[in-house]
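Q: File follows, input-v5.cif with mmCIF, C-alpha atoms and all ligand atoms:
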```cif
data_query
#
loop_
_atom_site.label_atom_id
_atom_site.label_comp_id
_atom_site.auth_asym_id
_atom_site.auth_seq_id
_atom_site.Cartn_x
_atom_site.Cartn_y
_atom_site.Cartn_z
CA MET A 1 -9.70 -15.19 70.34
CA ASP A 2 -6.33 -14.63 68.67
CA ALA A 3 -3.21 -16.35 70.00
CA ARG A 4 -1.64 -13.11 71.25
CA ARG A 5 -4.72 -12.22 73.33
CA GLU A 6 -4.97 -15.81 74.60
CA ALA A 7 -1.35 -15.72 75.76
CA GLN A 8 -1.82 -12.31 77.41
CA LEU A 9 -4.82 -13.58 79.36
CA VAL A 10 -2.90 -16.58 80.62
CA PHE A 11 -1.01 -14.21 82.96
CA GLU A 12 -4.19 -13.56 84.95
CA ARG A 13 -4.70 -17.30 85.47
CA LEU A 14 -1.12 -17.91 86.60
CA ALA A 15 -0.52 -14.71 88.59
CA GLN A 16 -0.52 -16.48 91.98
CA ASP A 17 2.31 -18.77 90.83
CA TYR A 18 4.12 -16.36 88.48
CA ASP A 19 7.84 -16.59 89.05
CA ARG A 20 7.37 -18.01 92.57
CA SER A 21 9.76 -20.94 92.69
CA ASP A 22 13.40 -21.70 93.30
CA VAL A 23 14.08 -20.91 89.62
CA GLU A 24 15.85 -17.65 88.86
CA PHE A 25 15.49 -15.84 85.57
CA PHE A 26 13.06 -12.90 85.59
CA GLY A 27 14.45 -11.36 88.80
CA PRO A 28 18.09 -11.07 87.68
CA ALA A 29 16.99 -9.96 84.19
CA GLY A 30 14.85 -7.22 85.83
CA GLU A 31 17.80 -5.98 87.88
CA ARG A 32 20.00 -5.98 84.79
CA LEU A 33 17.42 -3.90 82.90
CA VAL A 34 17.38 -1.31 85.69
CA ASP A 35 21.21 -1.18 85.55
CA HIS A 36 21.20 -0.70 81.79
CA VAL A 37 18.57 2.06 81.67
CA GLY A 38 20.01 3.88 84.70
CA VAL A 39 17.52 4.72 87.45
CA SER A 40 18.54 7.43 89.94
CA PRO A 41 17.28 8.38 93.41
CA GLY A 42 14.21 10.60 93.11
CA ASN A 43 13.23 9.46 89.58
CA ALA A 44 9.61 8.90 88.52
CA VAL A 45 9.44 5.49 86.81
CA LEU A 46 6.66 3.79 84.82
CA ASP A 47 7.02 -0.01 84.55
CA ILE A 48 5.06 -1.50 81.63
CA GLY A 49 3.66 -5.04 82.03
CA CYS A 50 4.99 -5.11 85.60
CA GLY A 51 3.86 -8.68 86.36
CA ARG A 52 4.78 -9.46 89.97
CA GLY A 53 7.46 -6.76 89.92
CA ALA A 54 10.80 -8.21 88.73
CA VAL A 55 11.73 -4.82 87.26
CA LEU A 56 9.43 -2.67 89.39
CA PHE A 57 10.93 -3.59 92.77
CA ALA A 58 14.50 -3.19 91.45
CA ALA A 59 13.49 0.29 90.21
CA ALA A 60 11.77 1.05 93.55
CA ARG A 61 15.00 0.29 95.43
CA ALA A 62 16.94 2.54 93.02
CA VAL A 63 14.60 5.58 93.24
CA GLY A 64 14.25 5.41 97.05
CA GLU A 65 11.56 7.20 98.99
CA GLY A 66 12.13 10.49 97.18
CA GLY A 67 11.01 8.87 93.93
CA ARG A 68 7.91 7.11 92.66
CA VAL A 69 7.33 3.93 90.69
CA THR A 70 4.08 3.08 88.91
CA GLY A 71 3.51 -0.38 87.49
CA ILE A 72 0.83 -1.15 84.93
CA ASP A 73 -0.43 -4.57 83.87
CA LEU A 74 -3.50 -6.04 82.19
CA SER A 75 -3.80 -8.66 84.90
CA PRO A 76 -5.66 -7.52 88.06
CA ALA A 77 -4.09 -10.41 90.02
CA MET A 78 -0.54 -9.29 89.09
CA VAL A 79 -1.39 -5.72 90.13
CA ALA A 80 -2.89 -6.91 93.43
CA SER A 81 0.25 -8.94 94.12
CA VAL A 82 2.54 -5.92 93.51
CA LEU A 83 0.40 -3.71 95.77
CA ALA A 84 0.42 -6.32 98.54
CA GLU A 85 4.20 -6.80 98.35
CA ALA A 86 4.80 -3.02 98.28
CA GLU A 87 2.67 -2.59 101.40
CA GLN A 88 4.34 -5.48 103.19
CA SER A 89 7.79 -4.04 102.40
CA GLY A 90 6.81 -0.47 103.37
CA LEU A 91 7.46 0.87 99.85
CA ARG A 92 5.00 3.75 99.99
CA TRP A 93 6.36 5.20 96.74
CA VAL A 94 5.17 2.18 94.69
CA ASN A 95 1.79 2.09 92.96
CA ALA A 96 0.29 -0.31 90.43
CA LEU A 97 -2.75 -0.08 88.16
CA VAL A 98 -4.64 -2.30 85.75
CA LEU A 99 -3.97 -0.57 82.45
CA GLU A 100 -3.38 -1.53 78.83
CA ALA A 101 0.24 -1.00 77.81
CA GLN A 102 -0.33 -0.03 74.18
CA GLU A 103 -1.07 3.63 74.91
CA PRO A 104 -1.15 4.19 78.68
CA ALA A 105 -3.32 7.15 79.67
CA PHE A 106 -1.00 9.43 81.69
CA PRO A 107 -0.36 13.15 81.14
CA PRO A 108 2.55 13.93 78.77
CA GLU A 109 6.02 14.18 80.32
CA SER A 110 5.02 12.34 83.52
CA PHE A 111 8.08 10.08 83.87
CA ASP A 112 11.90 10.23 83.96
CA VAL A 113 12.24 6.55 83.08
CA ILE A 114 9.99 3.97 81.42
CA THR A 115 10.86 0.27 81.76
CA GLY A 116 9.27 -2.81 80.23
CA GLY A 117 10.71 -6.19 81.21
CA MET A 118 9.76 -9.07 78.87
CA SER A 119 6.45 -7.37 78.12
CA VAL A 120 6.45 -4.71 75.37
CA HIS A 121 7.42 -7.20 72.62
CA MET A 122 3.99 -8.79 73.17
CA LEU A 123 2.09 -5.71 72.02
CA ALA A 124 0.38 -5.75 68.63
CA ASP A 125 1.85 -2.37 67.57
CA THR A 126 5.28 -1.81 69.11
CA LEU A 127 6.04 1.31 67.00
CA GLY A 128 2.79 2.89 68.25
CA ALA A 129 3.78 1.98 71.81
CA PHE A 130 7.24 3.59 71.36
CA ARG A 131 5.53 6.79 70.16
CA SER A 132 3.26 6.87 73.17
CA TYR A 133 6.14 6.17 75.64
CA HIS A 134 8.13 9.01 74.01
CA GLN A 135 5.32 11.43 74.88
CA LEU A 136 5.10 10.16 78.45
CA LEU A 137 8.80 10.77 79.08
CA CYS A 138 10.18 14.13 80.20
CA PRO A 139 12.75 15.60 77.79
CA GLY A 140 16.00 13.74 78.50
CA GLY A 141 14.02 10.79 79.93
CA ARG A 142 15.06 7.19 79.27
CA LEU A 143 13.37 4.03 78.00
CA GLY A 144 14.63 0.51 78.83
CA LEU A 145 13.10 -2.70 77.51
CA SER A 146 14.07 -6.35 77.65
CA ALA A 147 12.88 -9.23 75.53
CA PRO A 148 13.72 -12.83 74.81
CA VAL A 149 15.93 -13.43 71.77
CA THR A 150 15.02 -15.79 68.96
CA VAL A 151 17.54 -18.61 68.72
CA VAL A 152 17.45 -20.41 65.37
CA ASP A 153 21.05 -21.46 64.79
CA PRO A 154 22.09 -24.26 64.71
CA ALA A 155 18.52 -25.24 65.69
CA PRO A 156 15.61 -23.36 67.25
CA GLU A 157 15.68 -23.07 71.05
CA VAL A 158 13.17 -21.64 73.48
CA PHE A 159 14.26 -21.06 77.08
CA GLY A 160 17.55 -22.68 76.13
CA LEU A 161 16.03 -25.95 74.91
CA ARG A 162 15.28 -27.49 71.52
CA SER A 163 12.57 -29.72 72.99
CA ILE A 164 10.55 -26.62 73.99
CA ALA A 165 11.08 -25.07 70.53
CA ARG A 166 9.77 -28.27 68.92
CA LEU A 167 6.71 -28.19 71.19
CA CYS A 168 6.05 -24.54 70.25
CA ALA A 169 6.31 -25.39 66.54
CA ALA A 170 4.01 -28.41 66.87
CA HIS A 171 1.36 -26.29 68.61
CA ASP A 172 1.80 -23.08 66.63
CA ALA A 173 2.57 -21.26 69.86
CA GLY A 174 4.94 -18.52 68.64
CA SER A 175 2.82 -15.41 68.09
CA GLY A 176 5.37 -12.96 69.46
CA ILE A 177 5.05 -14.32 72.98
CA TYR A 178 7.87 -16.85 72.85
CA PRO A 179 11.42 -16.19 71.69
CA TYR A 180 10.41 -18.15 68.63
CA ALA A 181 9.22 -14.92 66.99
CA GLU A 182 11.73 -12.07 66.82
CA ALA A 183 11.05 -9.50 69.53
CA PHE A 184 10.36 -6.01 68.09
CA GLY A 185 10.95 -7.47 64.60
CA GLY A 186 14.64 -7.95 65.46
CA ALA A 187 17.43 -5.58 66.53
CA ARG A 188 17.58 -3.59 63.28
CA LYS A 189 13.82 -2.88 63.24
CA ALA A 190 13.85 -2.06 66.96
CA ARG A 191 16.50 0.60 66.29
CA SER A 192 14.72 2.11 63.29
CA ASP A 193 11.29 2.11 64.99
CA LEU A 194 12.69 3.79 68.11
CA ARG A 195 14.35 6.48 65.97
CA ALA A 196 11.08 6.92 64.00
CA ALA A 197 9.31 7.46 67.34
CA GLY A 198 11.75 10.29 68.17
CA PHE A 199 14.26 8.48 70.42
CA VAL A 200 18.02 9.08 70.34
CA GLN A 201 20.97 7.18 71.89
CA VAL A 202 19.30 3.95 70.84
CA LYS A 203 21.25 0.87 71.92
CA VAL A 204 20.28 -2.75 71.39
CA ARG A 205 22.45 -5.26 73.24
CA GLU A 206 22.25 -8.99 73.48
CA GLU A 207 23.60 -10.57 76.66
CA PRO A 208 23.51 -14.07 78.07
CA ALA A 209 21.27 -14.64 81.06
CA PHE A 210 20.93 -17.84 83.05
CA ILE A 211 17.90 -19.88 84.02
CA THR A 212 18.94 -21.66 87.19
CA ALA A 213 16.95 -24.39 88.93
CA GLY A 214 17.69 -26.86 91.72
CA SER A 215 16.62 -29.83 89.59
CA SER A 216 15.06 -30.72 86.23
CA GLU A 217 11.72 -31.25 88.07
CA SER A 218 11.74 -27.70 89.43
CA PHE A 219 12.74 -26.36 85.99
CA LEU A 220 9.72 -28.19 84.57
CA ARG A 221 7.38 -26.81 87.26
CA TRP A 222 8.70 -23.31 86.44
CA THR A 223 7.58 -23.71 82.80
CA TRP A 224 3.99 -23.71 84.11
CA THR A 225 4.43 -20.45 86.03
CA HIS A 226 4.98 -17.95 83.19
CA GLY A 227 3.90 -17.35 79.57
CA MET A 228 4.85 -20.89 78.59
CA ARG A 229 1.72 -22.07 80.37
CA ALA A 230 -0.21 -20.88 77.27
CA LEU A 231 1.74 -23.56 75.37
CA TRP A 232 1.14 -26.30 77.98
CA GLU A 233 -2.60 -25.57 77.83
CA ARG A 234 -2.52 -26.58 74.15
CA VAL A 235 -0.75 -29.88 74.76
CA SER A 236 -3.06 -32.87 75.28
CA PRO A 237 -2.65 -34.83 78.54
CA ARG A 238 -1.64 -37.86 76.41
CA GLU A 239 1.21 -35.94 74.80
CA ARG A 240 2.20 -34.13 77.99
CA ASP A 241 4.06 -36.94 79.75
CA GLY A 242 6.37 -37.56 76.81
CA ALA A 243 7.00 -33.83 76.31
CA GLU A 244 7.77 -33.35 80.00
CA ASP A 245 10.24 -36.26 80.04
CA GLU A 246 11.96 -34.90 76.93
CA ILE A 247 12.28 -31.40 78.45
CA LYS A 248 13.62 -32.72 81.77
CA SER A 249 16.24 -34.91 80.10
CA GLU A 250 17.38 -32.16 77.70
CA ALA A 251 17.56 -29.65 80.59
CA HIS A 252 19.74 -32.09 82.48
CA ALA A 253 21.95 -32.88 79.47
CA ARG A 254 22.48 -29.23 78.51
CA SER A 255 22.95 -27.83 82.00
CA GLU A 256 26.21 -25.96 82.52
CA HIS A 257 26.35 -27.29 86.09
CA GLY A 258 26.45 -30.98 87.01
CA ASP A 259 24.17 -30.97 90.07
CA ARG A 260 21.69 -28.28 89.09
CA ILE A 261 20.06 -26.92 85.95
CA VAL A 262 21.86 -23.89 84.57
CA LEU A 263 20.76 -22.93 81.05
CA ARG A 264 22.30 -20.03 79.16
CA VAL A 265 19.75 -17.96 77.19
CA PRO A 266 20.25 -14.70 75.29
CA VAL A 267 18.27 -11.63 76.38
CA MET A 268 17.83 -8.43 74.37
CA TYR A 269 18.18 -5.15 76.27
CA VAL A 270 17.06 -1.99 74.46
CA THR A 271 17.77 1.49 75.80
CA ALA A 272 16.94 4.88 74.28
CA ALA A 273 16.40 8.48 75.35
CA ARG A 274 13.99 11.27 74.56
CA PRO A 275 16.22 14.16 73.42
CA ALA A 276 17.06 16.66 76.16
CA PRO A 277 15.78 20.21 75.53
C1 LIG A 301 6.46 -12.15 80.89
S1 LIG A 301 5.54 -11.13 81.99
C2 LIG A 301 6.82 -10.03 82.56
C3 LIG A 301 6.52 -9.47 83.90
C4 LIG A 301 7.64 -8.65 84.53
N1 LIG A 301 7.88 -7.42 83.80
C5 LIG A 301 8.92 -9.47 84.63
O1 LIG A 301 9.94 -9.07 84.06
O2 LIG A 301 8.85 -10.53 85.29
C6 LIG A 301 4.60 -10.08 80.94
C7 LIG A 301 3.56 -9.23 81.66
O3 LIG A 301 3.01 -8.31 80.70
C8 LIG A 301 1.62 -8.21 80.94
N2 LIG A 301 0.99 -7.77 79.68
C9 LIG A 301 0.96 -8.44 78.51
N3 LIG A 301 0.30 -7.72 77.58
C10 LIG A 301 -0.08 -6.56 78.18
C11 LIG A 301 -0.80 -5.41 77.73
N4 LIG A 301 -1.26 -5.32 76.48
N5 LIG A 301 -1.03 -4.41 78.63
C12 LIG A 301 -0.57 -4.50 79.91
N6 LIG A 301 0.11 -5.58 80.38
C13 LIG A 301 0.35 -6.60 79.53
C14 LIG A 301 1.20 -9.61 81.38
O4 LIG A 301 -0.03 -9.60 82.10
C15 LIG A 301 2.40 -10.03 82.22
O5 LIG A 301 2.23 -9.71 83.58
#
```
Would you write out, as structure tokens, the structure that this file holds?

A:
Amino acid sequence: MDARREAQLVFERLAQDYDRSDVEFFGPAGERLVDHVGVSPGNAVLDIGCGRGAVLFAAARAVGEGGRVTGIDLSPAMVASVLAEAEQSGLRWVNALVLEAQEPAFPPESFDVITGGMSVHMLADTLGAFRSYHQLLCPGGRLGLSAPVTVVDPAPEVFGLRSIARLCAAHDAGSGIYPYAEAFGGARKARSDLRAAGFVQVKVREEPAFITAGSSESFLRWTWTHGMRALWERVSPRERDGAEDEIKSEAHARSEHGDRIVLRVPVMYVTAARPAP
């Protein structure tokens, strides 16, 4: 199995724990994506790679009951979790399906907005995906994507830490899943591919986001609850203790807040529109 597929499948194994901790990162980034793309009451939204709903539930609040939000994800457990939370919260206008994100099978012009939070950069053919999302949008519809940013200068960092970047390099765990590989081939390629797919008003922004945790131990636990688990599963138990100690002490040393862990990480937000008629 190739590394990309392996890392995609890890989400099914970790769905019960995904982003369930005192650590904040995906939630605020999801809300920011919804702000950037602009979701209005009554819109029909498709959320690609919805996971447990960091973007989807922010979009659901923005569209209100006159709108509809559909999440798709490869992981049945992620989809089940979104459906359960939607039912518990009385969000009758939310649906979620197990569906591959590369070319989702919906009728053309089904959505006003398509979002993809930290997900579309994992696809094997992002230009092909942009073409298919263009067809699924109504004329004038908007696309909003977020992705981690590769940090290489002055030294590689993943999730704000050099110790995690070193672990990725030692275990060959880049493969487009971690910020180690440039999302969408970088900002310039993202712009040209989106234009080639027919999009206009293409904007690629990089903004700082913050990973915040109560302690270095809870930061470490968080690294097991998202895509980084695919990396941990490659690290031998013998090597693990040392790697964990190194990550905890670097997180503590680099925190922007004395009593807690606050790590600044860049996030890429991409927005574009299908031309209006
Ligand atoms: C890093 S998570 C992001 C989840 C959510 N959007 C968020 O911001 O927290 C990536 C999600 O994309 C899903 N995913 C990855 N590849 C996919 C594919 N080819 N088709 C559908 N979903 C995919 C994974 O199962 C996972 O739930």

Q: Find the distance between atom CA of A:Ala196 and atom CA of A:Val270 and write it in Å to one decimal.

A: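 Between atom CA of A:Ala196 and atom CA of A:Val270 the gap is 15.0 Å.
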
Q: Given a cut-off of 7 Å, what residues near ligand LIG 301 (chain A) show up using all atoms listed in the file, put as JSON, numbers by chain?

A: {"A": [8, 9, 11, 12, 26, 27, 30, 48, 49, 50, 51, 52, 53, 54, 55, 72, 73, 74, 75, 78, 99, 100, 101, 102, 116, 117, 118, 119, 122, 123, 226, 227]}

Q: For A:Gly38, which residue out of A:Ser236, A:Ser215, A:Gln16, A:Thr271 is the nearest one, using only C-alpha atoms?

A: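 Answer, going by the shortest atom-to-atom distance: A:Thr271.
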
Q: Skip A:Arg264 itself and residues of its chain fewer than 3 positions away, then list as a short mmCIF file (atom, residue, chain, number, x, y, z; two decimals) with C-alpha atoms, in the frame of the given file all residues within 9 Å of it, counting only C-alpha atoms.

A:
```
data_model
loop_
_atom_site.label_atom_id
_atom_site.label_comp_id
_atom_site.auth_asym_id
_atom_site.auth_seq_id
_atom_site.Cartn_x
_atom_site.Cartn_y
_atom_site.Cartn_z
CA PHE A 159 14.26 -21.06 77.08
CA GLY A 160 17.55 -22.68 76.13
CA PRO A 208 23.51 -14.07 78.07
CA ALA A 209 21.27 -14.64 81.06
CA PHE A 210 20.93 -17.84 83.05
CA ILE A 211 17.90 -19.88 84.02
CA THR A 212 18.94 -21.66 87.19
CA SER A 255 22.95 -27.83 82.00
CA GLU A 256 26.21 -25.96 82.52
#
```

Q: Given all atoms listed in the file as the basis, pick out the residue of A:Pro104, A:Gly144, A:Gly186, A:Pro266 nearest to A:Glu31.

A: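 Among the listed residues, the smallest separation from A:Glu31 belongs to A:Gly144.
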
Q: Of the candidates A:Arg191, A:Arg61, A:His121, A:Lys248, which one gets nearest to A:Arg92 if we count all atoms listed in the file?

A: A:Arg61

Q: So that I can check the surroundings of A:Ala129, please list as a compact mmCIF listing (two decimals) with C-alpha atoms, keeping the file's coordinate frame every protein, DNA and RNA residue that reaches within 7 Å of it, counting only C-alpha atoms and ignoring chain neighbours fewer than 4 positions away.

A:
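Final output, around_8.txt:
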```txt
# COMPACT_ATOMS: atom_id res chain seq x y z
CA GLN A 102 -0.33 -0.03 74.18
CA GLU A 103 -1.07 3.63 74.91
CA ASP A 125 1.85 -2.37 67.57
CA TYR A 133 6.14 6.17 75.64
```

Q: Enter the distance from atom CA of A:Val113 to atom CA of A:Leu137, in Å, rounded to one decimal.

A: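 Atom-to-atom, atom CA of A:Val113 to atom CA of A:Leu137, that is 6.8 Å.
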
Q: Contacts of A:Val45 at 12 Å or less, counting only C-alpha atoms, minus same-chain residues fewer than 5 places along, as an mmCIF file with C-alpha atoms, in the coordinates of the input?

A:
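Contents of selection.cif, as written:
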```cif
data_model
loop_
_atom_site.group_PDB
_atom_site.id
_atom_site.type_symbol
_atom_site.label_atom_id
_atom_site.label_comp_id
_atom_site.auth_asym_id
_atom_site.auth_seq_id
_atom_site.Cartn_x
_atom_site.Cartn_y
_atom_site.Cartn_z
ATOM 1 C CA VAL A 34 17.380 -1.310 85.690
ATOM 2 C CA VAL A 37 18.570 2.060 81.670
ATOM 3 C CA GLY A 38 20.010 3.880 84.700
ATOM 4 C CA VAL A 39 17.520 4.720 87.450
ATOM 5 C CA SER A 40 18.540 7.430 89.940
ATOM 6 C CA CYS A 50 4.990 -5.110 85.600
ATOM 7 C CA VAL A 55 11.730 -4.820 87.260
ATOM 8 C CA LEU A 56 9.430 -2.670 89.390
ATOM 9 C CA PHE A 57 10.930 -3.590 92.770
ATOM 10 C CA ALA A 58 14.500 -3.190 91.450
ATOM 11 C CA ALA A 59 13.490 0.290 90.210
ATOM 12 C CA ALA A 60 11.770 1.050 93.550
ATOM 13 C CA ARG A 61 15.000 0.290 95.430
ATOM 14 C CA ALA A 62 16.940 2.540 93.020
ATOM 15 C CA VAL A 63 14.600 5.580 93.240
ATOM 16 C CA GLY A 64 14.250 5.410 97.050
ATOM 17 C CA GLY A 66 12.130 10.490 97.180
ATOM 18 C CA GLY A 67 11.010 8.870 93.930
ATOM 19 C CA ARG A 68 7.910 7.110 92.660
ATOM 20 C CA VAL A 69 7.330 3.930 90.690
ATOM 21 C CA THR A 70 4.080 3.080 88.910
ATOM 22 C CA GLY A 71 3.510 -0.380 87.490
ATOM 23 C CA ILE A 72 0.830 -1.150 84.930
ATOM 24 C CA TRP A 93 6.360 5.200 96.740
ATOM 25 C CA VAL A 94 5.170 2.180 94.690
ATOM 26 C CA ASN A 95 1.790 2.090 92.960
ATOM 27 C CA ALA A 96 0.290 -0.310 90.430
ATOM 28 C CA GLU A 109 6.020 14.180 80.320
ATOM 29 C CA SER A 110 5.020 12.340 83.520
ATOM 30 C CA PHE A 111 8.080 10.080 83.870
ATOM 31 C CA ASP A 112 11.900 10.230 83.960
ATOM 32 C CA VAL A 113 12.240 6.550 83.080
ATOM 33 C CA ILE A 114 9.990 3.970 81.420
ATOM 34 C CA THR A 115 10.860 0.270 81.760
ATOM 35 C CA GLY A 116 9.270 -2.810 80.230
ATOM 36 C CA TYR A 133 6.140 6.170 75.640
ATOM 37 C CA LEU A 136 5.100 10.160 78.450
ATOM 38 C CA LEU A 137 8.800 10.770 79.080
ATOM 39 C CA CYS A 138 10.180 14.130 80.200
ATOM 40 C CA GLY A 141 14.020 10.790 79.930
ATOM 41 C CA ARG A 142 15.060 7.190 79.270
ATOM 42 C CA LEU A 143 13.370 4.030 78.000
ATOM 43 C CA GLY A 144 14.630 0.510 78.830
#
```

Q: Under the rule that only C-alpha atoms are counted, which of A:Leu14, A:Ala253, A:Ala86, A:Ala105 is the nearest residue to A:Ser132?

A: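 Counting only C-alpha atoms, the residue closest to A:Ser132 is A:Ala105.
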
Q: Atom CA of A:Arg188 to atom CA of A:Pro277: how many Å, to one decimal?

A: 26.8 Å

Q: Let me make sure I understand: among A:Phe219, A:Pro237, A:Arg205, A:Glu246, which one has the smallest atom-to-atom distance to A:Ala165 if we use all atoms listed in the file?

A: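 Using all atoms listed in the file, the shortest distance to A:Ala165 belongs to A:Glu246.
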
Q: Determine the nearest neighbour of A:Gly214 from the options A:Leu231, A:Val262, A:Val79, A:Ala197, counting only C-alpha atoms.

A: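 Checking each of A:Leu231, A:Val262, A:Val79, A:Ala197 against A:Gly214, counting only C-alpha atoms, the winner is A:Val262.
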
Q: If I put a ball of radius 8 Å at (11.9, -31.2, 73.1) in the file's coordinates, which residues poke into it when counting all atoms listed in the file, written as a PDB file with C-alpha atoms, keeping the file's coordinate frame?

A:
```pdb
ATOM      1  CA  LEU A 161      16.030 -25.950  74.910  1.00  0.00           C
ATOM      2  CA  ARG A 162      15.280 -27.490  71.520  1.00  0.00           C
ATOM      3  CA  SER A 163      12.570 -29.720  72.990  1.00  0.00           C
ATOM      4  CA  ILE A 164      10.550 -26.620  73.990  1.00  0.00           C
ATOM      5  CA  ALA A 165      11.080 -25.070  70.530  1.00  0.00           C
ATOM      6  CA  ARG A 166       9.770 -28.270  68.920  1.00  0.00           C
ATOM      7  CA  LEU A 167       6.710 -28.190  71.190  1.00  0.00           C
ATOM      8  CA  ALA A 243       7.000 -33.830  76.310  1.00  0.00           C
ATOM      9  CA  GLU A 246      11.960 -34.900  76.930  1.00  0.00           C
ATOM     10  CA  ILE A 247      12.280 -31.400  78.450  1.00  0.00           C
ATOM     11  CA  GLU A 250      17.380 -32.160  77.700  1.00  0.00           C
TER      12      GLU A 250
END
```

Q: Using the atoms already present, construct N, CA and C atoms for stretch 240-256 of chain A and hand them back as a PDB file, in the frame of the given file.

A:
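Ended up saving to selection33.pdb:
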```pdb
ATOM      1  N   ARG A 240       1.473 -34.911  76.969  1.00  0.00           N
ATOM      2  CA  ARG A 240       2.200 -34.130  77.990  1.00  0.00           C
ATOM      3  C   ARG A 240       3.331 -34.907  78.658  1.00  0.00           C
ATOM      4  N   ASP A 241       3.039 -36.165  79.020  1.00  0.00           N
ATOM      5  CA  ASP A 241       4.060 -36.940  79.750  1.00  0.00           C
ATOM      6  C   ASP A 241       5.352 -37.052  78.957  1.00  0.00           C
ATOM      7  N   GLY A 242       5.182 -37.398  77.670  1.00  0.00           N
ATOM      8  CA  GLY A 242       6.370 -37.560  76.810  1.00  0.00           C
ATOM      9  C   GLY A 242       7.113 -36.249  76.675  1.00  0.00           C
ATOM     10  N   ALA A 243       6.360 -35.148  76.497  1.00  0.00           N
ATOM     11  CA  ALA A 243       7.000 -33.830  76.310  1.00  0.00           C
ATOM     12  C   ALA A 243       7.738 -33.440  77.591  1.00  0.00           C
ATOM     13  N   GLU A 244       7.120 -33.715  78.736  1.00  0.00           N
ATOM     14  CA  GLU A 244       7.770 -33.350  80.000  1.00  0.00           C
ATOM     15  C   GLU A 244       9.069 -34.137  80.197  1.00  0.00           C
ATOM     16  N   ASP A 245       9.026 -35.433  79.880  1.00  0.00           N
ATOM     17  CA  ASP A 245      10.240 -36.260  80.040  1.00  0.00           C
ATOM     18  C   ASP A 245      11.350 -35.746  79.129  1.00  0.00           C
ATOM     19  N   GLU A 246      10.956 -35.370  77.891  1.00  0.00           N
ATOM     20  CA  GLU A 246      11.960 -34.900  76.930  1.00  0.00           C
ATOM     21  C   GLU A 246      12.597 -33.590  77.425  1.00  0.00           C
ATOM     22  N   ILE A 247      11.772 -32.688  77.964  1.00  0.00           N
ATOM     23  CA  ILE A 247      12.280 -31.400  78.450  1.00  0.00           C
ATOM     24  C   ILE A 247      13.211 -31.617  79.652  1.00  0.00           C
ATOM     25  N   LYS A 248      12.777 -32.479  80.572  1.00  0.00           N
ATOM     26  CA  LYS A 248      13.620 -32.720  81.770  1.00  0.00           C
ATOM     27  C   LYS A 248      14.963 -33.312  81.352  1.00  0.00           C
ATOM     28  N   SER A 249      14.942 -34.292  80.410  1.00  0.00           N
ATOM     29  CA  SER A 249      16.240 -34.910  80.100  1.00  0.00           C
ATOM     30  C   SER A 249      17.110 -33.963  79.294  1.00  0.00           C
ATOM     31  N   GLU A 250      16.525 -33.121  78.418  1.00  0.00           N
ATOM     32  CA  GLU A 250      17.380 -32.160  77.700  1.00  0.00           C
ATOM     33  C   GLU A 250      17.926 -31.096  78.667  1.00  0.00           C
ATOM     34  N   ALA A 251      17.095 -30.660  79.609  1.00  0.00           N
ATOM     35  CA  ALA A 251      17.560 -29.650  80.590  1.00  0.00           C
ATOM     36  C   ALA A 251      18.762 -30.200  81.354  1.00  0.00           C
ATOM     37  N   HIS A 252      18.661 -31.457  81.737  1.00  0.00           N
ATOM     38  CA  HIS A 252      19.740 -32.090  82.480  1.00  0.00           C
ATOM     39  C   HIS A 252      20.991 -32.199  81.609  1.00  0.00           C
ATOM     40  N   ALA A 253      20.796 -32.661  80.363  1.00  0.00           N
ATOM     41  CA  ALA A 253      21.950 -32.880  79.470  1.00  0.00           C
ATOM     42  C   ALA A 253      22.640 -31.573  79.100  1.00  0.00           C
ATOM     43  N   ARG A 254      21.877 -30.487  78.985  1.00  0.00           N
ATOM     44  CA  ARG A 254      22.480 -29.230  78.510  1.00  0.00           C
ATOM     45  C   ARG A 254      22.864 -28.287  79.642  1.00  0.00           C
ATOM     46  N   SER A 255      22.623 -28.700  80.878  1.00  0.00           N
ATOM     47  CA  SER A 255      22.950 -27.830  82.000  1.00  0.00           C
ATOM     48  C   SER A 255      24.451 -27.550  82.053  1.00  0.00           C
ATOM     49  N   GLU A 256      24.790 -26.311  82.391  1.00  0.00           N
ATOM     50  CA  GLU A 256      26.210 -25.960  82.520  1.00  0.00           C
ATOM     51  C   GLU A 256      26.748 -26.295  83.906  1.00  0.00           C
TER      52      GLU A 256
END
```
